[in-house]
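K.L.:
Following this message is one structure expressed as structure tokens.
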Amino acid sequence: MSTPASEHLLLIRGTDWDKDLTSDDIQNIMGRFTAWFDRLSEQGKLKGANPLHSEGKIVSGKKGQTVADGPFAESKEAVGGYFLLNVSDFDEALQIARECPILEFGPTVEVRPVAKQCALMELAEARIAQANA
């Protein structure tokens, strides 16, 4: 499973992984995390990465009429950051995710191929083409 552009997104989930660690433990894991990040950068596999602030809003409903607080920082499912990779295929992205140093402390890493086009737009274009045939 891969995309022609070979772009894959790693979503880091879990924002309170460090709460039971000592400052020395945190310094050690952050050193390992930085080394992992730097290696991906040096290999040209990292297109972008950023942590996300814990506060935000969730917009839903028709015309975005519902706005609620969230995501919630204490949630194990909250996305704490992302990495955009440029790799050969899904398996390589998966291997990189498996090497993420903070996994041993509870966060998860979701690996997703980046689509060239929204699936709904693709379906709409196919229906239009079929209707015009």
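Labels used: A, B, ... for chains in the order of the structure tokens, numbers from 1 for residues in each chain, and numbers from 1 for ligands as shown.
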What residues in chain A get the DSSP label alpha helix (DSSP H)? Please answer as number ranges by chain.
P.N.:
A: 23-42, 90-98, 119-132
K.L.:
Which residues come within 9 Å of Ile102 of chain A, counting only C-alpha atoms, excluding same-chain residues fewer than 2 positions away, as a PyMOL selection string?
P.N.:
chain A and resi 17+29-30+32-33+99-100+104-108
K.L.:
So which residues touch Leu94 of chain A within 10 Å, counting only C-alpha atoms, skipping near sequence neighbours fewer than 6 positions away, as number ranges by chain?
P.N.:
A: 8, 10, 109-112
K.L.:
Take the residues that were just selected and, keeping C-alpha atoms, output them as a short mmCIF file (atom, residue, chain, number, x, y, z; two decimals), in the first residue's frame.
P.N.:
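Below is the file out32.cif, written as the result:
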data_model
loop_
_atom_site.label_atom_id
_atom_site.label_comp_id
_atom_site.auth_asym_id
_atom_site.auth_seq_id
_atom_site.Cartn_x
_atom_site.Cartn_y
_atom_site.Cartn_z
CA HIS A 8 3.04 8.99 4.33
CA LEU A 10 2.78 9.58 10.96
CA VAL A 109 1.92 6.18 15.92
CA GLU A 110 -0.70 5.98 13.19
CA VAL A 111 0.71 5.47 9.68
CA ARG A 112 -1.37 6.78 6.79
#
K.L.:
Would you work out the distance separating atom CA of Phe83 of chain A from atom CA of Gln43 of chain A, expressed in Å to one decimal?
P.N.:
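Separation of atom CA of Phe83 of chain A and atom CA of Gln43 of chain A: 14.2 Å.
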K.L.:
Could you tell me how far atom CA of Phe90 of chain A lies from atom CA of Gly31 of chain A, in Å and to one decimal?
P.N.:
26.6 Å
K.L.:
Have a look at A:Ser6, A:Ser23, A:Asn86, A:Asn132 and name the one nearest to Leu46 of chain A; count only C-alpha atoms.
P.N.:
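Nearest candidate to Leu46 of chain A out of A:Ser6, A:Ser23, A:Asn86, A:Asn132: A:Asn86.
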K.L.:
Could you check how far atom CA of Ala78 of chain A sits from atom CA of Arg13 of chain A, in Å to one decimal?
P.N.:
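Taking atom CA of Ala78 of chain A and atom CA of Arg13 of chain A, their separation equals 5.4 Å.
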K.L.:
Run DSSP on the backbone and give me the residues of segment 28-133 of chain A it puts in strand (DSSP E or B), as a list in words.
P.N.:
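DSSP on the backbone gives strand (DSSP E or B) at Leu46, Lys47, Gly48, Ala49, Asn50, Pro51, Lys57, Ile58, Val59, Ser60, Thr66, Val67, Ala68, Asp69, Val79, Gly80, Gly81, Tyr82, Phe83, Leu84, Leu85, Asn86, Thr108, Val109, Glu110, Val111, Arg112 and Pro113 of chain A.
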K.L.:
Hey, what's within 10 Å of Leu85 of chain A if we count only C-alpha atoms and toss same-chain stuff fewer than 3 positions away? As a list of chain:residue names, please?
P.N.:
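The contact residues come out as A:Ser6, A:Glu7, A:His8, A:Leu9, A:Leu10, A:Leu40, A:Ser41, A:Gly44, A:Lys45, A:Leu46, A:Lys47, A:Gly48, A:Ala49, A:Tyr82, A:Ser88, A:Glu92, A:Ala93, A:Ile96, A:Pro113, A:Val114.
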K.L.:
May I ask which of the residues A:Ala131, A:Leu52, A:Ile26, A:Val87 is the closest one to Gly14 of chain A, counting only C-alpha atoms?
P.N.:
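Smallest separation from Gly14 of chain A among the options: A:Leu52.
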